[in-house]
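Q: There's a structure below that I have some questions on.
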Amino acid sequence: MGKDNNYELNCMIKVADKLQDFQSPLIMGIINVTPDSFYEGSRQNDLEVIIDNVRSMIASGVDIIDVGGVSTRPNADLLTCEEELDRVIPVLKHLRHEFPELLISVDTFRSEVAQKSVEHGANIINDVYGGRFDQKMFETVADLDVPYILMHSRGDAENMQDLCDYDNVAEDVCLELSKDIEKLRELGVKDIIVDPGFGFAKTVEQNYELFREMNLLKVLNCPILIGISRKSMIYKLLNSDASNALNGTSVLNTFGLLNSASIIRVHDVKEAVEVRKIVALL
């Protein structure tokens with residue numbers, strides 16, 4: 001896939017007591033346990049439906065399931081910690097019971113949710129606010145000794161799209177991520193995955209500029225996750241909506257895999273697996 005083998009070697013992480021080298025990129029399937037997700041097709045709150053959807057994702061070739069109980073789209077309701085736990089923990093318990101070997105990530109920005117999620121079988125913490133919402137998050141993931149997905153963002157759901165002022169979006173994103181990586185390393189966090197945060201505190205144009213310069217993220221020496229599935233950077237450009245953004249998603253995931261992405265986070269696992277299979281031969 002045109003990747004640098006030394007980069008892949010340096011970016012190995014430990015997850016669920018096994019080393020992951022990303023020679024083959026991973027597919028992360030999205031399970032939104034919320035009625036407020038930006039993409040209506042991903043909203044799920046019935047346990048049996050969730051189990052069936054995860055089973056289908058596994059059959060399609062998913063590597064990680066990412067469970068989230070709070071929508072982080074612009075102007076979303078952040079809920080209370082208790083409400084988030086009430087959504088996430090029952091799902092996590094059922095998934096761990098039904099699929100003991102499945103890698104599960106929990107999408108949360110709260111340290112208490114991270115703590116309880118790992119106690120109930122989560123393998124990875126995925127934090128869209130990169131430790132800014134909860135000052136205890138970095139110390140918590142250090143104590144938990146699980147991989148941490150550090151996403152670039154600014155502000156919160158209410159004001160993030162007012163914070164899009166960059167000198168150079170790709171360079172600034174790298175710099176801001178690097179400062180947080182340094183803090184995490186000082187606390188002893190070994191396994192860090194970076195997400196440039198497409199759609200978070202970035203205009204449509206800045207998202208594509210960042211995508212073009214994605215290889216700059218390699219200087220961070222961490223695996224790179226991209227999450228662009230059905231986002232507004234696709235459907236606004238095409239004058240469409242999230243339900244019609246699968247084709248654009250596949251195009252960008254292809255570009256991402258050709259430019260050092262180690263993980264792609266998607267709603268549509270089957271199509272993402274097909275993208276990976278094709279790109280592997282390029």
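In the structure tokens, the first chain shown is A, the next is B, and so on; residue numbers restart at 1 for each chain, and ligands run from 1 in the order shown.
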For Gly188 of chain A, work out the shell of residues within 9 Å, counting only C-alpha atoms and skipping chain neighbours fewer than 5 positions away, then give it as a list in words.
A: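 Listing them by chain and then by number gives Glu139, Ala142, Asp143, Asp145 and Lys183 of chain A.
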Q: For the residues selected in the previous step, produce a file with all heavy atoms as a PDB file, in the first residue's frame.
A:
ATOM      1  N   GLU A 139      -4.611  10.425  33.125  1.00  0.00           N
ATOM      2  CA  GLU A 139      -4.147   9.608  34.251  1.00  0.00           C
ATOM      3  C   GLU A 139      -4.920   8.288  34.322  1.00  0.00           C
ATOM      4  O   GLU A 139      -4.345   7.241  34.647  1.00  0.00           O
ATOM      5  CB  GLU A 139      -4.313  10.374  35.567  1.00  0.00           C
ATOM      6  CG  GLU A 139      -3.385  11.574  35.705  1.00  0.00           C
ATOM      7  CD  GLU A 139      -3.559  12.286  37.026  1.00  0.00           C
ATOM      8  OE1 GLU A 139      -4.385  11.829  37.844  1.00  0.00           O
ATOM      9  OE2 GLU A 139      -2.874  13.303  37.245  1.00  0.00           O
ATOM     10  N   ALA A 142      -3.700   5.890  31.700  1.00  0.00           N
ATOM     11  CA  ALA A 142      -2.369   5.420  32.111  1.00  0.00           C
ATOM     12  C   ALA A 142      -2.510   4.299  33.135  1.00  0.00           C
ATOM     13  O   ALA A 142      -1.830   3.267  33.050  1.00  0.00           O
ATOM     14  CB  ALA A 142      -1.550   6.574  32.674  1.00  0.00           C
ATOM     15  N   ASP A 143      -3.399   4.480  34.109  1.00  0.00           N
ATOM     16  CA  ASP A 143      -3.618   3.455  35.139  1.00  0.00           C
ATOM     17  C   ASP A 143      -4.261   2.196  34.549  1.00  0.00           C
ATOM     18  O   ASP A 143      -3.948   1.078  34.969  1.00  0.00           O
ATOM     19  CB  ASP A 143      -4.513   4.008  36.249  1.00  0.00           C
ATOM     20  CG  ASP A 143      -3.829   5.083  37.080  1.00  0.00           C
ATOM     21  OD1 ASP A 143      -2.579   5.142  37.060  1.00  0.00           O
ATOM     22  OD2 ASP A 143      -4.543   5.869  37.734  1.00  0.00           O
ATOM     23  N   ASP A 145      -3.897   1.066  31.523  1.00  0.00           N
ATOM     24  CA  ASP A 145      -2.937   0.407  30.639  1.00  0.00           C
ATOM     25  C   ASP A 145      -3.623  -0.221  29.424  1.00  0.00           C
ATOM     26  O   ASP A 145      -3.406  -1.382  29.090  1.00  0.00           O
ATOM     27  CB  ASP A 145      -2.131  -0.645  31.406  1.00  0.00           C
ATOM     28  CG  ASP A 145      -0.923  -1.153  30.609  1.00  0.00           C
ATOM     29  OD1 ASP A 145      -0.427  -0.392  29.750  1.00  0.00           O
ATOM     30  OD2 ASP A 145      -0.490  -2.298  30.846  1.00  0.00           O
ATOM     31  N   LYS A 183       2.402  14.631  26.935  1.00  0.00           N
ATOM     32  CA  LYS A 183       1.802  14.508  28.273  1.00  0.00           C
ATOM     33  C   LYS A 183       1.460  13.063  28.588  1.00  0.00           C
ATOM     34  O   LYS A 183       1.705  12.580  29.700  1.00  0.00           O
ATOM     35  CB  LYS A 183       0.536  15.365  28.352  1.00  0.00           C
ATOM     36  CG  LYS A 183       0.757  16.860  28.248  1.00  0.00           C
ATOM     37  CD  LYS A 183      -0.574  17.596  28.223  1.00  0.00           C
ATOM     38  CE  LYS A 183      -0.390  19.082  27.965  1.00  0.00           C
ATOM     39  NZ  LYS A 183      -1.704  19.780  27.844  1.00  0.00           N
TER      40      LYS A 183
END
Q: Give me the residues within 9 Å of Glu84 of chain A as a list in words, counting only C-alpha atoms and dropping any in the same chain fewer than 4 places off.
A: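 Residues meeting the cut-off are Gly68, Gly69, Val70, Leu78, Leu79, Thr80, Val88, Ile89, Thr108 and Val113 of chain A.
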Q: Among segment 42-205 of chain A, which ones does DSSP assign to alpha helix (DSSP H) (computed from the backbone)? Answer as JSON, numbers by chain.
A: {"A": [47, 48, 49, 50, 51, 52, 53, 54, 55, 56, 57, 58, 59, 60, 81, 82, 83, 84, 85, 86, 87, 88, 89, 90, 91, 92, 93, 94, 95, 96, 97, 98, 111, 112, 113, 114, 115, 116, 117, 118, 119, 137, 138, 139, 140, 141, 142, 143, 144, 169, 170, 171, 172, 173, 174, 175, 176, 177, 178, 179, 180, 181, 182, 183, 184, 185, 186, 187, 204, 205]}
Q: Measuring atom to atom with only C-alpha atoms, identify which of A:Val146, A:Ala122, A:Leu175, A:Ala201 is nearest to Lys18 of chain A.
A: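 Distance minimum relative to Lys18 of chain A lands on A:Val146.
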Q: From the options A:Asp268, A:Asp191, A:Glu119, A:Asp107, which residue's atoms come nearest to Asp17 of chain A, counting only C-alpha atoms?
A: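 That would be A:Asp191, the residue with the smallest distance to Asp17 of chain A.
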Q: For Arg230 of chain A, work out the shell of residues within 8 Å, counting only C-alpha atoms and skipping chain neighbours fewer than 2 positions away, then give it as a list in words.
A: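 Selected residues are Tyr39, Ile228, Ser232, Ile234, Tyr235, Ala242, Ser243, Asn244, Ala245, Leu246, Gly248, Thr249 and His267 of chain A.
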Q: Next, dump the selected residues to file, keeping only all heavy atoms, as an mmCIF file, in the first residue's frame.
A:
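File out-v2.cif, as written:
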data_model
loop_
_atom_site.group_PDB
_atom_site.id
_atom_site.type_symbol
_atom_site.label_atom_id
_atom_site.label_comp_id
_atom_site.auth_asym_id
_atom_site.auth_seq_id
_atom_site.Cartn_x
_atom_site.Cartn_y
_atom_site.Cartn_z
ATOM 1 N N TYR A 39 -25.988 10.285 11.814
ATOM 2 C CA TYR A 39 -26.415 9.357 10.758
ATOM 3 C C TYR A 39 -27.516 8.463 11.307
ATOM 4 O O TYR A 39 -27.280 7.610 12.162
ATOM 5 C CB TYR A 39 -25.228 8.530 10.270
ATOM 6 C CG TYR A 39 -25.585 7.427 9.297
ATOM 7 C CD1 TYR A 39 -26.506 7.643 8.268
ATOM 8 C CD2 TYR A 39 -25.014 6.165 9.404
ATOM 9 C CE1 TYR A 39 -26.847 6.636 7.382
ATOM 10 C CE2 TYR A 39 -25.335 5.152 8.517
ATOM 11 C CZ TYR A 39 -26.261 5.397 7.513
ATOM 12 O OH TYR A 39 -26.602 4.395 6.636
ATOM 13 N N ILE A 228 -14.161 9.219 8.813
ATOM 14 C CA ILE A 228 -14.845 10.157 7.924
ATOM 15 C C ILE A 228 -16.189 9.582 7.453
ATOM 16 O O ILE A 228 -16.863 10.196 6.632
ATOM 17 C CB ILE A 228 -13.970 10.527 6.694
ATOM 18 C CG1 ILE A 228 -13.351 9.276 6.036
ATOM 19 C CG2 ILE A 228 -12.862 11.458 7.122
ATOM 20 C CD1 ILE A 228 -14.244 8.506 5.169
ATOM 21 N N SER A 232 -20.321 15.142 7.165
ATOM 22 C CA SER A 232 -20.775 16.284 6.373
ATOM 23 C C SER A 232 -19.716 16.779 5.397
ATOM 24 O O SER A 232 -20.048 17.410 4.397
ATOM 25 C CB SER A 232 -21.204 17.425 7.294
ATOM 26 O OG SER A 232 -20.126 17.890 8.076
ATOM 27 N N ILE A 234 -18.355 15.090 3.368
ATOM 28 C CA ILE A 234 -18.705 14.385 2.136
ATOM 29 C C ILE A 234 -20.031 14.888 1.582
ATOM 30 O O ILE A 234 -20.116 15.372 0.454
ATOM 31 C CB ILE A 234 -18.775 12.864 2.377
ATOM 32 C CG1 ILE A 234 -17.418 12.319 2.844
ATOM 33 C CG2 ILE A 234 -19.249 12.136 1.120
ATOM 34 C CD1 ILE A 234 -17.472 10.902 3.376
ATOM 35 N N TYR A 235 -21.064 14.808 2.391
ATOM 36 C CA TYR A 235 -22.387 15.081 1.813
ATOM 37 C C TYR A 235 -22.662 16.565 1.579
ATOM 38 O O TYR A 235 -23.425 16.913 0.673
ATOM 39 C CB TYR A 235 -23.505 14.415 2.619
ATOM 40 C CG TYR A 235 -23.718 14.861 4.043
ATOM 41 C CD1 TYR A 235 -24.382 16.055 4.334
ATOM 42 C CD2 TYR A 235 -23.331 14.056 5.105
ATOM 43 C CE1 TYR A 235 -24.621 16.434 5.641
ATOM 44 C CE2 TYR A 235 -23.569 14.430 6.420
ATOM 45 C CZ TYR A 235 -24.214 15.614 6.679
ATOM 46 O OH TYR A 235 -24.454 15.999 7.978
ATOM 47 N N ALA A 242 -26.324 12.301 4.774
ATOM 48 C CA ALA A 242 -25.537 11.186 5.300
ATOM 49 C C ALA A 242 -25.971 9.843 4.723
ATOM 50 O O ALA A 242 -25.142 8.956 4.497
ATOM 51 C CB ALA A 242 -25.628 11.154 6.823
ATOM 52 N N SER A 243 -27.257 9.694 4.456
ATOM 53 C CA SER A 243 -27.746 8.406 3.946
ATOM 54 C C SER A 243 -27.253 8.105 2.538
ATOM 55 O O SER A 243 -27.286 6.954 2.097
ATOM 56 C CB SER A 243 -29.280 8.374 3.977
ATOM 57 O OG SER A 243 -29.815 9.328 3.087
ATOM 58 N N ASN A 244 -26.776 9.135 1.838
ATOM 59 C CA ASN A 244 -26.285 8.946 0.466
ATOM 60 C C ASN A 244 -24.775 9.186 0.359
ATOM 61 O O ASN A 244 -24.282 9.492 -0.733
ATOM 62 C CB ASN A 244 -27.024 9.890 -0.487
ATOM 63 C CG ASN A 244 -28.471 9.513 -0.660
ATOM 64 O OD1 ASN A 244 -28.784 8.435 -1.151
ATOM 65 N ND2 ASN A 244 -29.371 10.382 -0.227
ATOM 66 N N ALA A 245 -24.057 9.019 1.459
ATOM 67 C CA ALA A 245 -22.632 9.359 1.484
ATOM 68 C C ALA A 245 -21.713 8.144 1.510
ATOM 69 O O ALA A 245 -20.522 8.274 1.791
ATOM 70 C CB ALA A 245 -22.336 10.251 2.687
ATOM 71 N N LEU A 246 -22.233 6.963 1.204
ATOM 72 C CA LEU A 246 -21.387 5.762 1.242
ATOM 73 C C LEU A 246 -20.323 5.779 0.158
ATOM 74 O O LEU A 246 -19.163 5.427 0.402
ATOM 75 C CB LEU A 246 -22.250 4.504 1.117
ATOM 76 C CG LEU A 246 -21.490 3.172 1.063
ATOM 77 C CD1 LEU A 246 -20.567 3.003 2.263
ATOM 78 C CD2 LEU A 246 -22.474 2.008 0.961
ATOM 79 N N GLY A 248 -18.860 8.343 -1.337
ATOM 80 C CA GLY A 248 -17.810 9.285 -0.959
ATOM 81 C C GLY A 248 -16.960 8.766 0.184
ATOM 82 O O GLY A 248 -15.744 8.973 0.229
ATOM 83 N N THR A 249 -17.606 8.067 1.117
ATOM 84 C CA THR A 249 -16.871 7.456 2.226
ATOM 85 C C THR A 249 -15.838 6.457 1.709
ATOM 86 O O THR A 249 -14.673 6.447 2.150
ATOM 87 C CB THR A 249 -17.849 6.749 3.185
ATOM 88 O OG1 THR A 249 -18.727 7.710 3.775
ATOM 89 C CG2 THR A 249 -17.099 6.015 4.285
ATOM 90 N N HIS A 267 -19.310 3.083 9.400
ATOM 91 C CA HIS A 267 -20.644 2.536 9.628
ATOM 92 C C HIS A 267 -20.858 1.276 8.783
ATOM 93 O O HIS A 267 -21.615 0.386 9.188
ATOM 94 C CB HIS A 267 -21.715 3.561 9.246
ATOM 95 C CG HIS A 267 -21.685 4.819 10.052
ATOM 96 N ND1 HIS A 267 -21.015 5.956 9.638
ATOM 97 C CD2 HIS A 267 -22.243 5.121 11.250
ATOM 98 C CE1 HIS A 267 -21.177 6.904 10.539
ATOM 99 N NE2 HIS A 267 -21.909 6.431 11.520
#
Q: Need to verify the contact set: Thr254 of chain A, 8 Å, only C-alpha atoms, exclusion of same-chain residues closer than 5 positions in sequence. Can you return it as an NGL selection string?
A: :A and (275-276 or 279)
Q: Taking the backbone alone, and naming residues the way the document does, which bits of segment 2-229 of chain A are strand (DSSP E or B) by DSSP, as an MDAnalysis selection string?
A: chainID A and resid 13:15 18:20 26:32 43 64:68 103:107 124:127 148:151 192:195 224:226
Q: For Lys14 of chain A, which residue out of A:Asn123, A:Asn239, A:Ser229, A:Asn247 is the nearest one, using only C-alpha atoms?
A: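 Closest to Lys14 of chain A of all the choices is A:Asn123.
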Q: With distances taken over only C-alpha atoms, which residue among A:Gly199, A:Gly121, A:Pro90, A:Gly256 lies nearest Pro25 of chain A?
A: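 Counting only C-alpha atoms, the residue closest to Pro25 of chain A is A:Gly256.
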Q: Work out how far atom CA of Asn159 of chain A is from atom CA of Arg185 of chain A, in Å to one decimal.
A: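 One can read the atom CA of Arg185 of chain A to atom CA of Asn159 of chain A distance as 29.0 Å.
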Q: Would you kindly return, as a VMD selection string, each protein, DNA or RNA residue with an atom no farther than 9 Å from any atom of Gln161 of chain A, considering only C-alpha atoms and excluding same-chain residues fewer than 2 positions away?
A: chain A and resid 74 154 to 159 163 to 164 199 to 203
Q: Could you give me, as CSV, a per-residue list for segment 95-211 of chain A showing, wherever an atom lies at most 9 Å from an atom of segment 220-224 of chain A, the closest pair of atoms and their distance in Å to one decimal, using only C-alpha atoms and sorting by chain then residue number from low to high?
A:
residue,atom,partner,partner_atom,distance
A:Cys174,CA,A:Leu220,CA,7.3
A:Leu177,CA,A:Leu220,CA,8.0
A:Ser178,CA,A:Leu220,CA,6.5
A:Ile181,CA,A:Leu220,CA,8.2
A:Asp191,CA,A:Cys222,CA,8.2
A:Ile192,CA,A:Cys222,CA,6.2
A:Ile193,CA,A:Pro223,CA,5.0
A:Val194,CA,A:Ile224,CA,5.0
A:Asp195,CA,A:Ile224,CA,5.9
A:Pro196,CA,A:Ile224,CA,8.0
Q: Would you pick out the contacts of segment 95-101 of chain A at 10 Å or less, using only C-alpha atoms, so that residues sharing its chain but fewer than 6 positions from it are not included, and give the list as a PyMOL selection string?
A: chain A and resi 16+47+50-51+54-55+58+65+67+89+120-122
Q: Of the candidates A:Met233, A:Ala261, A:Leu19, A:Ile30, which shows the shortest atom-to-atom distance to Val62 of chain A, using only C-alpha atoms?
A: A:Ile30
Q: Neighbouring residues of Leu216 of chain A were defined as those with any atom within 10 Å, considering only C-alpha atoms; residues of the same chain fewer than 5 positions away were excluded. Please report them as a list of chain:residue names.
A: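 Within the cut-off, the hits are A:Ala170, A:Glu171, A:Val173, A:Cys174, A:Leu210, A:Phe211, A:Asn259, A:Ser260.
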